[in-house]
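J.: Handing you this structure, nothing more for now.
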Amino acid sequence: MSFQGVKRLSAQSLGADDRVAEAVRHGRPAVFKVVNPDIGWVQKLHDASPDTVLIGRIVDDTLADKLSVAEGRAFAERILQKAGELGGIIRWWEGSNEAAKGPVAIRRLCEFERAFAERVQAEGYHALVGGFSTGVPQIVGRDSEVPWMGEWELFYPAMKVAHGVHFREYWHPHQLDDTWNAYRFEKWWPALPAWARAKWWLVGELGVDGGLAGEKHCGWMHYGMPADRYLDLLTGYARTMVQYPRLAAAIYVAGSGGFDEWRTFDIAGDVLDRISAEWATASAEPWGTPVEAEVVEDEVTEEEVTVTPQPLVAPQANNLIDKLAAREGTEGYTGRRSLDDVDIFVVHWLGAKGRNLQPDTVWREQTTHEDPDRPKFPGGAYHFQITQDGELTQLHPLTTVTWQSAGTDEVTGKHLNVVSIAVVIEPEREGDLPAATAPQAGEYRYTEGQISSCLGLYDWLSRRLGRALRVAGHYEVRPLTPEGFPSTDCPGPAWPIQLKPVLLDRDPDAPPLPAWEEATRVAWQSLIVSHNPDFAFPEKALQVLGPAAFALSDEARFDVGGTTWVRQLWSDGVEVKMLLTIEGQWGMDDIRVVPAPPITRGLPPRHLPAPRGLE
């Protein structure tokens, strides 16, 4: 029996196959996908069903290793060349295929796909972006009515440019009811913004695949599944698609193209013939018409958000929005701003300039609406605050301009308060310090819970705003003193050592580093300064760094590419240095003295922990 939606349940081919061409001619499906198309096969399909929307894909398994704007444009040029060779018969083109998993990779994929879509569509073709593998992007609360769309939000900039989005959905034969692998679009569809739901959507590959359970990639025939059973699964999927008129799906695969590895996936024959019979009796159901439906932009609301940071990183934020007055300044203060203005993530410490607030007074400045040191600025100066145990609280909406820094941002030319998200962290202190005593350099550090919360907050903000923010400590953005020194210590000497390497990723497009340089990068990113260092390299340090050298961290081990490395942080009294070697290689020529990253160089000596005597 024919039913609505079956026209949009189609297939893809890996090569010319007369059985497939006949099924298309007989059924005239709404869409059909062609992998690595050649003119003869494409012309045959077009002649068989001129109204069927043909979708093209060029296979390039190396794309996952080179996701960038430049590579996106280069890939678009390859697509345009192929489209020209095919005489413009294929108007819709997919970008990458299963190239990204996780927030960092999805950010890079977004850049690639956006550049690809812009170039392809400038020539009058239609781009499908995404190509996400089964189960990707991840969402939080996938079993709840309204899931949190963190990884999808990272990809929104590319989706807004493109005409459509494509993704993969497979079942494992023993998990046919797993609605996270298949039918997962029903979970996140209600949470998509209106403009995203108005795009064209394609399940670019659909079917049974043993790869979901760690087995080799085998299709329905490998498991002895009867054709009737598989057909029931596929047509059931088509019935679900009825609710989503802009969604189509391509079964993998109709015609294995002579590739034996895909033979068990092939539906050419009885399964495809019976689907074609359904196509033939169904009414026409267009998909991907050249005139795009009007895209309804969601209203940009200035909602007061309770942060839900990336899972496994930070706890859910407390919410003090609307309970606090914002600290207002006379310079650069505008009260409200657009989220488009936000460009930099500024970290402060709680306790600078002699106000060493104790744990029981963490919220004093904010909750009393009174700063005793600067009474003309009542209220809270920061958007977020993190306690010593990593507890995160949002104090003001993202659209509120607070007074937390001075001067003009060199990049945007706007006042720093207009372009900054201000985050204040209460560092961990060594010992009990009098409340009126200014913190000494070696007495402050950041806990692992704070580092985790700070990273989770930064990731959430990047997703919320659709772009990566610049990162800076307060002293880095404040104007220098007349003598050329920073005008504040905030957020303290531990900031570049502990927090900043975590927040700043290495350029993903950079070539692989030599082994010891890669080990250096990992060592800096994993570094946690401790109070009682063991002196693993005293002879080397004193010989190379001089008699004034002192250790800043414990000896620590970490793995890079299966090799165990050992590192320890030292100072020569002016700059931070790292001593680095491979486990067991303790010769003087084996131990490298590695300069600190640029973020820690050139700081005045007072930004370093106080020397500790060697024992």
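Residue names in the structure tokens use chain letters A, B, ... in the order shown, residue numbers from 1 in each chain, and ligand numbers from 1 in the order shown.
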What's around Asp270 (chain A) at 10 Å? Count only C-alpha atoms, leave out sequence neighbours fewer than 6 positions away in its own chain, and write the answer as a ChimeraX atom specification.

T.: /A:227-228,231,276

J.: Residues at most 9 Å from Tyr183 (chain A), counting only C-alpha atoms, excluding those fewer than 6 positions away in the same chain, as a list in words?

T.: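 Within the cut-off, the hits are Glu169, Tyr237 and Thr240 of chain A.
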
J.: From the options A:Gly407, A:Gly15, A:Gly150, A:Pro479, which residue's atoms come nearest to Ser462 (chain A), counting only C-alpha atoms?

T.: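 Residue with the minimum atom-to-atom distance to Ser462 (chain A): A:Gly150.
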
J.: Dump as a tab-separated table the rows for residues of region 114-163 of chain A within 12 Å of region 449-460 of chain A: closest atom pair and distance in Å with one decimal, only C-alpha atoms counted, ordered by chain and rising residue number.

T.:
residue	atom	partner	partner_atom	distance
A:Trp148	CA	A:Trp460	CA	11.1
A:Met149	CA	A:Trp460	CA	10.7
A:Gly150	CA	A:Trp460	CA	7.4
A:Glu151	CA	A:Trp460	CA	9.6
A:Trp152	CA	A:Trp460	CA	11.9
A:Glu153	CA	A:Trp460	CA	9.7
A:Leu154	CA	A:Trp460	CA	9.4

J.: Using only C-alpha atoms, find the one residue out of A:Met578, A:Ala182, A:Gly84, A:Leu392 that sits nearest to Gly124 (chain A).

T.: A:Gly84

J.: Could you give me, as a PyMOL selection string, each residue of region 93-259 of chain A that DSSP assigns to alpha helix (DSSP H) when run on this structure's backbone?

T.: chain A and resi 103-122+150-161+185-188+194-197+227-241
